[in-house]
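S.K.: Below is the file work-v2.cif, which contains mmCIF, C-alpha atoms.
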data_my_file
loop_
_atom_site.label_atom_id
_atom_site.label_comp_id
_atom_site.auth_asym_id
_atom_site.auth_seq_id
_atom_site.Cartn_x
_atom_site.Cartn_y
_atom_site.Cartn_z
CA ARG A 10 74.65 67.15 -62.63
CA PRO A 11 72.52 69.33 -60.32
CA VAL A 12 73.86 70.36 -56.98
CA ALA A 13 72.82 68.08 -54.11
CA ARG A 14 70.40 69.99 -51.89
CA ALA A 15 69.19 69.31 -48.39
CA ARG A 16 65.47 68.68 -48.37
CA ALA A 17 63.02 69.53 -45.63
CA ARG A 18 62.35 65.94 -44.58
CA ARG A 19 65.58 64.35 -45.68
CA ALA A 20 69.04 64.79 -44.19
CA PRO A 21 71.83 65.52 -46.70
CA ARG A 22 74.15 62.68 -47.57
CA ALA A 23 77.16 63.02 -45.32
CA SER A 24 80.04 62.71 -47.77
CA ARG A 25 82.36 64.84 -49.80
CA SER A 26 79.99 64.40 -52.76
CA SER A 27 77.19 66.55 -51.33
CA ALA A 28 79.44 69.54 -51.66
CA ARG A 29 81.55 68.26 -54.52
CA ALA A 30 78.57 67.93 -56.83
CA ARG A 31 78.99 71.65 -57.31
CA LEU A 32 82.13 70.89 -59.27
CA ALA A 33 80.14 69.83 -62.33
CA ARG A 34 80.54 73.30 -63.81
CA PHE A 35 84.28 73.01 -63.39
CA GLU A 36 84.41 70.31 -66.05
CA ARG A 37 84.16 73.09 -68.62
CA PRO A 38 87.43 74.99 -69.21
CA GLY A 39 87.17 78.38 -67.57
CA GLY A 40 83.72 77.61 -66.20
CA SER A 41 84.64 78.87 -62.75
CA ARG A 42 85.46 82.31 -64.18
CA ARG A 43 81.75 82.87 -64.59
CA ILE A 44 81.66 83.76 -60.90
CA GLY A 45 80.96 87.46 -61.26
CA ILE A 46 82.67 90.27 -59.40
CA ALA A 47 79.36 91.53 -58.05
CA ARG A 48 78.54 88.13 -56.57
CA ARG A 49 81.99 87.97 -55.04
CA GLU A 50 81.70 91.40 -53.44
CA ARG A 51 78.23 90.65 -52.05
CA ARG A 52 79.59 87.51 -50.42
CA ARG A 53 82.48 89.36 -48.86
CA ALA A 54 80.23 92.12 -47.58
CA THR A 55 77.97 89.66 -45.77
CA ARG A 56 80.86 87.68 -44.31
CA GLY A 57 82.53 90.72 -42.82
CA ALA A 58 84.11 90.25 -39.46
CA THR A 59 82.88 86.67 -39.10
CA ASP A 60 85.34 85.31 -41.63
CA ASP A 61 88.10 87.56 -40.29
CA ALA A 62 87.65 86.11 -36.82
CA ARG A 63 87.80 82.51 -38.00
CA ALA A 64 90.45 83.00 -40.66
CA MET A 65 93.13 81.48 -38.48
CA ASP A 66 90.98 78.40 -37.79
CA PRO A 67 88.60 77.89 -40.72
CA SER A 68 87.52 74.47 -39.48
CA THR A 69 85.33 75.97 -36.76
CA THR A 70 82.25 78.15 -36.52
CA ALA A 71 79.99 78.70 -33.52
CA SER A 72 77.25 76.24 -34.50
CA GLU A 73 79.56 73.67 -36.06
CA THR A 74 81.97 73.58 -33.11
CA ARG A 75 79.10 72.52 -30.86
CA ALA A 76 78.51 69.50 -33.10
CA ARG A 77 82.13 68.33 -32.78
CA PRO A 78 83.09 66.24 -29.75
CA ASP A 79 86.17 67.28 -27.81
CA SER A 80 88.04 64.28 -29.17
CA ALA A 81 87.59 65.49 -32.76
CA ARG A 82 89.05 68.90 -31.97
CA ALA A 83 91.87 67.31 -29.98
CA LEU A 84 92.83 65.02 -32.85
CA TRP A 85 92.79 67.85 -35.38
CA SER A 86 94.95 70.10 -33.17
CA ARG A 87 97.71 67.52 -32.59
CA PRO A 88 101.17 68.89 -33.58
CA ASP A 89 101.88 65.98 -35.94
CA VAL A 90 98.52 66.42 -37.66
CA ALA A 91 99.04 70.18 -37.90
CA LYS A 92 102.43 69.59 -39.52
CA TYR A 93 100.94 67.41 -42.27
CA VAL A 94 98.09 69.85 -42.88
CA ALA A 95 100.54 72.76 -43.12
CA GLU A 96 102.46 70.88 -45.80
CA MET A 97 99.26 70.43 -47.81
CA THR A 98 98.50 74.17 -47.79
CA ALA A 99 102.08 75.44 -48.18
CA SER A 100 103.28 77.38 -51.21
CA GLY A 101 103.81 75.02 -54.12
CA SER A 102 101.55 72.31 -52.73
CA PHE A 103 98.85 70.73 -54.87
CA VAL A 104 96.03 72.76 -53.31
CA HIS A 105 98.10 75.96 -53.36
CA GLN A 106 98.69 75.49 -57.08
CA MET A 107 94.95 75.10 -57.53
CA ALA A 108 94.36 78.32 -55.58
CA THR A 109 96.79 80.27 -57.74
CA GLY A 110 95.51 78.63 -60.92
CA GLU A 111 98.98 77.32 -61.78
CA LEU A 112 98.10 73.63 -61.57
CA PRO A 113 98.07 72.09 -65.08
CA ARG A 114 94.75 70.49 -65.96
CA GLU A 115 96.58 67.23 -66.75
CA LYS A 116 97.66 67.00 -63.12
CA TYR A 117 94.12 67.66 -61.94
CA LEU A 118 92.74 64.90 -64.16
CA ARG A 119 95.40 62.49 -62.95
CA TYR A 120 94.42 63.34 -59.37
CA LEU A 121 90.76 62.83 -60.26
CA SER A 122 91.37 59.37 -61.72
CA GLN A 123 93.35 58.32 -58.64
CA ASP A 124 90.63 59.69 -56.39
CA ALA A 125 88.06 57.55 -58.22
CA TYR A 126 90.14 54.47 -57.43
CA PHE A 127 90.45 55.57 -53.81
CA LEU A 128 86.73 56.32 -53.40
CA PHE A 129 85.72 52.86 -54.59
CA HIS A 130 87.71 51.37 -51.71
CA PHE A 131 86.70 54.14 -49.32
CA ASN A 132 83.10 53.05 -49.89
CA ARG A 133 84.02 49.49 -48.97
CA ALA A 134 85.31 50.81 -45.67
CA TYR A 135 81.99 52.59 -45.15
CA ALA A 136 80.25 49.27 -45.79
CA GLN A 137 82.32 47.73 -43.01
CA ALA A 138 81.40 50.61 -40.71
CA LEU A 139 77.73 50.03 -41.53
CA ARG A 140 78.11 46.40 -40.50
CA LEU A 141 79.63 47.49 -37.18
CA ALA A 142 77.09 50.23 -36.45
CA ALA A 143 75.88 50.19 -32.86
CA ASP A 144 72.30 51.27 -33.60
CA VAL A 145 69.88 52.28 -36.33
CA ASP A 146 70.93 55.91 -36.23
CA GLU A 147 74.53 54.97 -37.01
CA GLN A 148 73.34 52.63 -39.74
CA ARG A 149 71.44 55.51 -41.29
CA VAL A 150 74.53 57.73 -41.28
CA PHE A 151 76.67 55.15 -43.03
CA HIS A 152 73.92 54.29 -45.48
CA GLU A 153 73.88 57.94 -46.53
CA LEU A 154 77.67 58.01 -46.72
CA ILE A 155 77.74 55.03 -49.07
CA GLY A 156 75.11 56.55 -51.35
CA GLY A 157 76.97 59.84 -51.37
CA VAL A 158 80.23 58.26 -52.51
CA LEU A 159 78.39 56.45 -55.30
CA ASP A 160 77.11 59.83 -56.50
CA GLU A 161 80.62 61.24 -56.32
CA LEU A 162 81.97 58.37 -58.38
CA LYS A 163 79.40 59.18 -61.08
CA LEU A 164 80.73 62.73 -61.18
CA HIS A 165 84.30 61.44 -61.44
CA SER A 166 83.37 59.13 -64.29
CA ALA A 167 81.59 61.89 -66.18
CA ALA A 168 84.53 64.28 -65.83
CA CYS A 169 87.10 61.66 -66.84
CA GLU A 170 85.00 60.58 -69.84
CA LYS A 171 84.60 64.19 -70.93
CA TRP A 172 88.35 64.74 -70.89
CA GLY A 173 89.26 61.38 -72.40
CA VAL A 174 90.63 59.72 -69.25
CA ASP A 175 90.04 55.96 -69.08
CA VAL A 176 89.75 55.35 -65.33
CA ASP A 177 90.03 51.58 -65.77
CA ALA A 178 93.27 51.95 -67.70
CA VAL A 179 94.94 54.37 -65.27
CA GLU A 180 97.97 52.97 -63.47
CA VAL A 181 97.42 53.15 -59.72
CA HIS A 182 99.93 55.44 -58.04
CA ALA A 183 101.92 54.13 -55.08
CA ALA A 184 100.40 56.80 -52.81
CA SER A 185 96.87 55.76 -53.79
CA ARG A 186 97.64 52.08 -53.26
CA ALA A 187 99.17 52.75 -49.83
CA TYR A 188 96.07 54.66 -48.70
CA VAL A 189 93.77 51.87 -49.91
CA GLU A 190 95.85 49.19 -48.21
CA PHE A 191 95.61 51.19 -44.98
CA LEU A 192 91.81 51.31 -45.25
CA GLU A 193 91.65 47.59 -45.97
CA SER A 194 93.73 46.91 -42.86
CA LEU A 195 90.98 48.54 -40.78
CA HIS A 196 88.18 46.29 -42.03
CA GLY A 197 88.66 43.81 -39.21
CA LYS A 198 89.11 46.42 -36.50
CA SER A 199 86.65 48.01 -34.10
CA SER A 200 84.14 50.61 -35.24
CA LEU A 201 86.09 53.34 -33.44
CA GLU A 202 89.38 52.38 -35.08
CA LEU A 203 87.72 52.31 -38.50
CA VAL A 204 85.87 55.62 -38.15
CA ALA A 205 88.97 57.35 -36.77
CA GLY A 206 90.85 56.28 -39.87
CA MET A 207 88.16 57.63 -42.21
CA ILE A 208 87.33 61.00 -40.65
CA PRO A 209 90.53 62.76 -41.81
CA CYS A 210 89.45 62.58 -45.45
CA MET A 211 86.31 64.64 -44.86
CA ARG A 212 87.81 66.92 -42.23
CA LEU A 213 90.77 67.75 -44.45
CA TYR A 214 88.68 68.57 -47.52
CA ALA A 215 86.40 70.79 -45.43
CA TYR A 216 89.42 72.57 -44.00
CA VAL A 217 91.52 73.19 -47.10
CA GLY A 218 88.57 74.56 -49.07
CA ARG A 219 87.81 77.13 -46.42
CA TYR A 220 91.46 77.79 -45.58
CA PHE A 221 92.21 79.76 -48.72
CA LEU A 222 88.80 81.46 -48.95
CA THR A 223 88.79 82.85 -45.41
CA ARG A 224 92.43 83.89 -45.39
CA ALA A 225 92.14 85.60 -48.74
CA ASP A 226 89.12 87.53 -47.44
CA ALA A 227 91.08 88.50 -44.31
CA GLY A 228 93.92 89.81 -46.45
CA VAL A 229 96.55 87.42 -45.12
CA ASP A 230 99.84 88.09 -46.91
CA GLY A 231 100.86 85.48 -49.45
CA ILE A 232 97.43 83.84 -49.68
CA PRO A 233 96.00 83.81 -53.22
CA ASP A 234 92.30 84.35 -53.78
CA PRO A 235 91.07 81.03 -55.22
CA ARG A 236 87.97 82.75 -56.65
CA THR A 237 90.18 84.13 -59.43
CA SER A 238 91.50 80.65 -60.26
CA PRO A 239 90.11 78.36 -62.97
CA TYR A 240 89.69 75.89 -60.07
CA ALA A 241 87.45 78.25 -58.10
CA GLU A 242 84.55 75.78 -58.06
CA TRP A 243 86.67 73.29 -56.11
CA PHE A 244 87.13 75.83 -53.32
CA GLU A 245 83.53 77.02 -53.49
CA ALA A 246 82.41 73.42 -52.99
CA TYR A 247 84.71 72.39 -50.18
CA GLY A 248 84.90 75.78 -48.48
CA GLY A 249 81.16 76.05 -47.85
CA ASP A 250 79.15 75.50 -44.69
CA GLU A 251 77.56 72.37 -46.13
CA MET A 252 80.85 70.53 -46.37
CA GLU A 253 81.84 71.65 -42.88
CA SER A 254 78.55 70.38 -41.48
CA LEU A 255 79.02 67.00 -43.14
CA ALA A 256 82.50 66.62 -41.72
CA CYS A 257 81.15 67.47 -38.28
CA ARG A 258 78.42 64.88 -38.69
CA LEU A 259 80.91 62.07 -39.19
CA GLU A 260 83.05 63.39 -36.34
CA SER A 261 80.00 63.28 -34.08
CA LEU A 262 80.28 59.48 -34.10
CA LEU A 263 83.44 59.77 -32.01
CA PRO A 264 83.20 59.60 -28.21
CA GLU A 265 84.05 62.72 -26.22
CA GLU A 266 87.30 61.09 -25.13
CA ILE A 267 89.31 58.47 -27.00
CA GLU A 268 91.20 56.07 -24.77
CA ASP A 269 92.18 53.65 -27.54
CA GLU A 270 95.57 54.78 -28.83
CA ARG A 271 95.11 52.63 -31.90
CA ALA A 272 92.26 54.88 -33.01
CA VAL A 273 94.48 57.93 -32.51
CA ASP A 274 97.27 56.32 -34.52
CA ASN A 275 94.83 55.56 -37.35
CA TYR A 276 93.74 59.20 -37.49
CA VAL A 277 97.30 60.45 -37.71
CA GLU A 278 98.24 57.83 -40.31
CA ALA A 279 95.26 58.78 -42.47
CA ILE A 280 96.33 62.43 -42.44
CA ARG A 281 99.85 61.40 -43.44
CA LEU A 282 98.46 59.36 -46.31
CA GLU A 283 96.34 62.30 -47.43
CA ARG A 284 99.52 64.38 -47.49
CA ASP A 285 101.25 61.78 -49.64
CA PHE A 286 98.22 61.52 -51.95
CA PHE A 287 98.17 65.27 -52.66
CA ALA A 288 101.96 65.49 -52.91
CA ALA A 289 101.95 62.80 -55.60
CA HIS A 290 100.09 65.16 -57.94
CA ALA A 291 101.70 68.51 -57.05
#
Show me the file's structure as C-alpha cells.
M.R.:
Amino acid sequence: RPVARARARRAPRASRSSARARLARFERPGGSRRIGIARRERRRATRGATDDARAMDPSTTASETRARPDSARALWSRPDVAKYVAEMTASGSFVHQMATGELPREKYLRYLSQDAYFLFHFNRAYAQALRLAADVDEQRVFHELIGGVLDELKLHSAACEKWGVDVDAVEVHAASRAYVEFLESLHGKSSLELVAGMIPCMRLYAYVGRYFLTRADAGVDGIPDPRTSPYAEWFEAYGGDEMESLACRLESLLPEEIEDERAVDNYVEAIRLERDFFAAHA
C-alpha cells in the first residue's frame, strides 16, 4: 500500500497509520535491509548536531514543541510515566529486541494481531470523542483519526493474511483485553478524560521510534542502530517527523493546564497499559 502523503489542500490523517503505512515493505522478509548505506549516511550527514542535541529527549523539536501545550509536556515528564517508558525501551524489551533484530517474527505477528483487536476498539473511543467534540474543528480532527485507524486496520489485515494469521481466530491476550476495557470505561466520561486516556498511544509510538534512531546517531553506548535490523521500517515509520507532528496534533486538544486529576490518572493508566501490552510480546 502506498505511503500516506500530506497533500497541499488536505491535512494528513492524525493517527499512527499515516506513518505506519510505510511498514508495507516490512511485510517482505528482509525488506528493510534494502535501505542502502549511502542513503543512511546522507541522512546522518544532514541531521548532524540537531539529532545530537535532541538525543536525550527525542519527543521534542523546536517547531513541534511549540505545538504541544504545557500540560502535554508535563504529563509526559511525570516520574511514573518516565518509569513505564524506560521499561519499554530497556534492554530485552519488545522494542529493544526489534532494534537489535533479535525479535522472532512469530512474536511480531502475534503483536500485530493483538494490535488489530486493540485498534478496532480504539476507533470506537475516537467515535465517542467525535460525539463529544466542542466545535467543528475538533470534529474534523477526530473524523481524520477514525479514517486513519481504518486504513491502519487494512494494513494489519493484509500483513496477517500474507503470513497466515487469522485475526478472527486469535485468542485475545489479557493485556489487550485490559487495555480495551480501560478505553470502554472512558466512553461515558468527559472529552478531556477520554482524550487524556488516548494520547499516550500516539505519543509513545512517536517517542520510541525516534528514541533508538537519535541515540544511535549520537553514539550512545549500548544503543543498537535499528537501521541494521530487519525491523528497520518500523523505526523509520514511527521515528519520523510526520509521526511526531501527528502526536502533537492530538496533544493540542489538551488545555494548557489540567485541573481534573481524573484526566491525569487516565493518562498514567494508559501508559501503564501500553507497557503491559508490549511486555506481553517481548
S.K.: Let me know the centre plus edge lengths, in Å and rounded to one decimal, of a box with edges along x, y and z that contains all listed atoms of segment 119-125 of chain A and is padded by 3 Å on every side, as JSON.
M.R.:
{"center_x": 91.7, "center_y": 60.4, "center_z": -59.7, "size_x": 13.3, "size_y": 11.8, "size_z": 12.6}
S.K.: I'd like the interatomic distance between atom CA of Leu141 of chain A and atom CA of Glu193 of chain A, to a tenth of an Å.
M.R.: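 Distance reported for this atom pair: 14.9 Å.
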S.K.: Could you write out as a PyMOL selection string the residues that the PyMOL selection byres ((chain A and resi 150) around 12) matches in the shown file?
M.R.: chain A and resi 19-24+135-136+138-140+142-149+151-157+204+255-256+258-262
S.K.: May I have the residues from that selection written out with C-alpha atoms, as a PDB file, in the frame of the given file?
M.R.:
ATOM      1  CA  ARG A  19      65.580  64.350 -45.680  1.00  0.00           C
ATOM      2  CA  ALA A  20      69.040  64.790 -44.190  1.00  0.00           C
ATOM      3  CA  PRO A  21      71.830  65.520 -46.700  1.00  0.00           C
ATOM      4  CA  ARG A  22      74.150  62.680 -47.570  1.00  0.00           C
ATOM      5  CA  ALA A  23      77.160  63.020 -45.320  1.00  0.00           C
ATOM      6  CA  SER A  24      80.040  62.710 -47.770  1.00  0.00           C
ATOM      7  CA  TYR A 135      81.990  52.590 -45.150  1.00  0.00           C
ATOM      8  CA  ALA A 136      80.250  49.270 -45.790  1.00  0.00           C
ATOM      9  CA  ALA A 138      81.400  50.610 -40.710  1.00  0.00           C
ATOM     10  CA  LEU A 139      77.730  50.030 -41.530  1.00  0.00           C
ATOM     11  CA  ARG A 140      78.110  46.400 -40.500  1.00  0.00           C
ATOM     12  CA  ALA A 142      77.090  50.230 -36.450  1.00  0.00           C
ATOM     13  CA  ALA A 143      75.880  50.190 -32.860  1.00  0.00           C
ATOM     14  CA  ASP A 144      72.300  51.270 -33.600  1.00  0.00           C
ATOM     15  CA  VAL A 145      69.880  52.280 -36.330  1.00  0.00           C
ATOM     16  CA  ASP A 146      70.930  55.910 -36.230  1.00  0.00           C
ATOM     17  CA  GLU A 147      74.530  54.970 -37.010  1.00  0.00           C
ATOM     18  CA  GLN A 148      73.340  52.630 -39.740  1.00  0.00           C
ATOM     19  CA  ARG A 149      71.440  55.510 -41.290  1.00  0.00           C
ATOM     20  CA  PHE A 151      76.670  55.150 -43.030  1.00  0.00           C
ATOM     21  CA  HIS A 152      73.920  54.290 -45.480  1.00  0.00           C
ATOM     22  CA  GLU A 153      73.880  57.940 -46.530  1.00  0.00           C
ATOM     23  CA  LEU A 154      77.670  58.010 -46.720  1.00  0.00           C
ATOM     24  CA  ILE A 155      77.740  55.030 -49.070  1.00  0.00           C
ATOM     25  CA  GLY A 156      75.110  56.550 -51.350  1.00  0.00           C
ATOM     26  CA  GLY A 157      76.970  59.840 -51.370  1.00  0.00           C
ATOM     27  CA  VAL A 204      85.870  55.620 -38.150  1.00  0.00           C
ATOM     28  CA  LEU A 255      79.020  67.000 -43.140  1.00  0.00           C
ATOM     29  CA  ALA A 256      82.500  66.620 -41.720  1.00  0.00           C
ATOM     30  CA  ARG A 258      78.420  64.880 -38.690  1.00  0.00           C
ATOM     31  CA  LEU A 259      80.910  62.070 -39.190  1.00  0.00           C
ATOM     32  CA  GLU A 260      83.050  63.390 -36.340  1.00  0.00           C
ATOM     33  CA  SER A 261      80.000  63.280 -34.080  1.00  0.00           C
ATOM     34  CA  LEU A 262      80.280  59.480 -34.100  1.00  0.00           C
TER      35      LEU A 262
END
S.K.: Written as a compact mmCIF listing (two decimals) with C-alpha atoms, in the coordinates of the input, which residues does the PyMOL selection byres ((chain A and resi 187) around 12) give for the file shown?
M.R.:
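Everything below was put into part_25.txt:
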# COMPACT_ATOMS: atom_id res chain seq x y z
CA GLN A 123 93.35 58.32 -58.64
CA TYR A 126 90.14 54.47 -57.43
CA PHE A 127 90.45 55.57 -53.81
CA HIS A 130 87.71 51.37 -51.71
CA VAL A 181 97.42 53.15 -59.72
CA HIS A 182 99.93 55.44 -58.04
CA ALA A 183 101.92 54.13 -55.08
CA ALA A 184 100.40 56.80 -52.81
CA SER A 185 96.87 55.76 -53.79
CA ARG A 186 97.64 52.08 -53.26
CA TYR A 188 96.07 54.66 -48.70
CA VAL A 189 93.77 51.87 -49.91
CA GLU A 190 95.85 49.19 -48.21
CA PHE A 191 95.61 51.19 -44.98
CA LEU A 192 91.81 51.31 -45.25
CA GLU A 193 91.65 47.59 -45.97
CA SER A 194 93.73 46.91 -42.86
CA GLU A 278 98.24 57.83 -40.31
CA ALA A 279 95.26 58.78 -42.47
CA ARG A 281 99.85 61.40 -43.44
CA LEU A 282 98.46 59.36 -46.31
CA GLU A 283 96.34 62.30 -47.43
CA ARG A 284 99.52 64.38 -47.49
CA ASP A 285 101.25 61.78 -49.64
CA PHE A 286 98.22 61.52 -51.95
CA ALA A 289 101.95 62.80 -55.60
S.K.: Which polymer residues have any atom within 7 Å of an atom of segment 103-114 of chain A, counting all atoms listed in the file, with same-chain residues fewer than 4 positions away left out, as a list of chain:residue names?
M.R.: A:Met97, A:Thr98, A:Ala99, A:Leu118, A:Pro233, A:Asp234, A:Pro235, A:Ser238, A:Pro239, A:Tyr240, A:Phe287, A:Ala288, A:His290, A:Ala291
S.K.: Please save C-alpha atoms of the selected residues as a PDB file, in the coordinates of the input.
M.R.:
ATOM      1  CA  MET A  97      99.260  70.430 -47.810  1.00  0.00           C
ATOM      2  CA  THR A  98      98.500  74.170 -47.790  1.00  0.00           C
ATOM      3  CA  ALA A  99     102.080  75.440 -48.180  1.00  0.00           C
ATOM      4  CA  LEU A 118      92.740  64.900 -64.160  1.00  0.00           C
ATOM      5  CA  PRO A 233      96.000  83.810 -53.220  1.00  0.00           C
ATOM      6  CA  ASP A 234      92.300  84.350 -53.780  1.00  0.00           C
ATOM      7  CA  PRO A 235      91.070  81.030 -55.220  1.00  0.00           C
ATOM      8  CA  SER A 238      91.500  80.650 -60.260  1.00  0.00           C
ATOM      9  CA  PRO A 239      90.110  78.360 -62.970  1.00  0.00           C
ATOM     10  CA  TYR A 240      89.690  75.890 -60.070  1.00  0.00           C
ATOM     11  CA  PHE A 287      98.170  65.270 -52.660  1.00  0.00           C
ATOM     12  CA  ALA A 288     101.960  65.490 -52.910  1.00  0.00           C
ATOM     13  CA  HIS A 290     100.090  65.160 -57.940  1.00  0.00           C
ATOM     14  CA  ALA A 291     101.700  68.510 -57.050  1.00  0.00           C
TER      15      ALA A 291
END
S.K.: In Å, how far is it from atom CA of Tyr220 of chain A to atom CA of Glu245 of chain A?
M.R.: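 Separating atom CA of Tyr220 of chain A from atom CA of Glu245 of chain A is a distance of 11.2 Å.
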S.K.: How would you write, as a list in words, the residues chosen by the PyMOL selection byres ((chain A and resi 275) around 8) on this structure?
M.R.: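 With the PyMOL selection byres ((chain A and resi 275) around 8) on this model, the match is Glu202, Leu203, Ala205, Gly206, Arg271, Ala272, Val273, Asp274, Tyr276, Val277, Glu278 and Ala279 of chain A.
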S.K.: Could you save those same residues with C-alpha atoms as an mmCIF file, keeping the file's coordinate frame?
M.R.:
data_model
loop_
_atom_site.group_PDB
_atom_site.id
_atom_site.type_symbol
_atom_site.label_atom_id
_atom_site.label_comp_id
_atom_site.auth_asym_id
_atom_site.auth_seq_id
_atom_site.Cartn_x
_atom_site.Cartn_y
_atom_site.Cartn_z
ATOM 1 C CA GLU A 202 89.380 52.380 -35.080
ATOM 2 C CA LEU A 203 87.720 52.310 -38.500
ATOM 3 C CA ALA A 205 88.970 57.350 -36.770
ATOM 4 C CA GLY A 206 90.850 56.280 -39.870
ATOM 5 C CA ARG A 271 95.110 52.630 -31.900
ATOM 6 C CA ALA A 272 92.260 54.880 -33.010
ATOM 7 C CA VAL A 273 94.480 57.930 -32.510
ATOM 8 C CA ASP A 274 97.270 56.320 -34.520
ATOM 9 C CA TYR A 276 93.740 59.200 -37.490
ATOM 10 C CA VAL A 277 97.300 60.450 -37.710
ATOM 11 C CA GLU A 278 98.240 57.830 -40.310
ATOM 12 C CA ALA A 279 95.260 58.780 -42.470
#
S.K.: So how far away is atom CA of Pro78 of chain A from atom CA of Leu128 of chain A, in Å?
M.R.: 25.9 Å
S.K.: N, CA, C and O atoms are needed for segment 162-174 of chain A; please write them out as a tab-separated table (two decimals), in the frame of the given file.
M.R.:
chain	number	residue	atom	x	y	z
A	162	LEU	N	81.31	59.17	-57.36
A	162	LEU	CA	81.97	58.37	-58.38
A	162	LEU	C	81.36	58.60	-59.76
A	162	LEU	O	82.05	58.57	-60.78
A	163	LYS	N	80.05	58.85	-59.80
A	163	LYS	CA	79.40	59.18	-61.08
A	163	LYS	C	79.97	60.49	-61.63
A	163	LYS	O	80.22	60.61	-62.84
A	164	LEU	N	80.18	61.45	-60.76
A	164	LEU	CA	80.73	62.73	-61.18
A	164	LEU	C	82.16	62.56	-61.70
A	164	LEU	O	82.55	63.13	-62.71
A	165	HIS	N	82.94	61.73	-61.00
A	165	HIS	CA	84.30	61.44	-61.44
A	165	HIS	C	84.29	60.82	-62.84
A	165	HIS	O	85.06	61.21	-63.71
A	166	SER	N	83.43	59.84	-63.01
A	166	SER	CA	83.37	59.13	-64.29
A	166	SER	C	82.99	60.07	-65.42
A	166	SER	O	83.56	60.01	-66.52
A	167	ALA	N	82.03	60.95	-65.16
A	167	ALA	CA	81.59	61.89	-66.18
A	167	ALA	C	82.72	62.84	-66.56
A	167	ALA	O	82.94	63.13	-67.75
A	168	ALA	N	83.44	63.34	-65.56
A	168	ALA	CA	84.53	64.28	-65.83
A	168	ALA	C	85.66	63.59	-66.60
A	168	ALA	O	86.19	64.15	-67.57
A	169	CYS	N	86.02	62.39	-66.16
A	169	CYS	CA	87.10	61.66	-66.84
A	169	CYS	C	86.72	61.31	-68.28
A	169	CYS	O	87.54	61.40	-69.20
A	170	GLU	N	85.46	60.91	-68.49
A	170	GLU	CA	85.00	60.58	-69.84
A	170	GLU	C	85.04	61.82	-70.72
A	170	GLU	O	85.43	61.75	-71.89
A	171	LYS	N	84.62	62.95	-70.16
A	171	LYS	CA	84.60	64.19	-70.93
A	171	LYS	C	85.99	64.58	-71.41
A	171	LYS	O	86.16	65.10	-72.52
A	172	TRP	N	86.99	64.33	-70.56
A	172	TRP	CA	88.35	64.74	-70.89
A	172	TRP	C	89.20	63.59	-71.41
A	172	TRP	O	90.42	63.70	-71.50
A	173	GLY	N	88.55	62.47	-71.76
A	173	GLY	CA	89.26	61.38	-72.40
A	173	GLY	C	90.16	60.57	-71.50
A	173	GLY	O	91.16	59.99	-71.95
A	174	VAL	N	89.83	60.50	-70.20
A	174	VAL	CA	90.63	59.72	-69.25
A	174	VAL	C	89.92	58.40	-68.99
A	174	VAL	O	88.79	58.37	-68.50
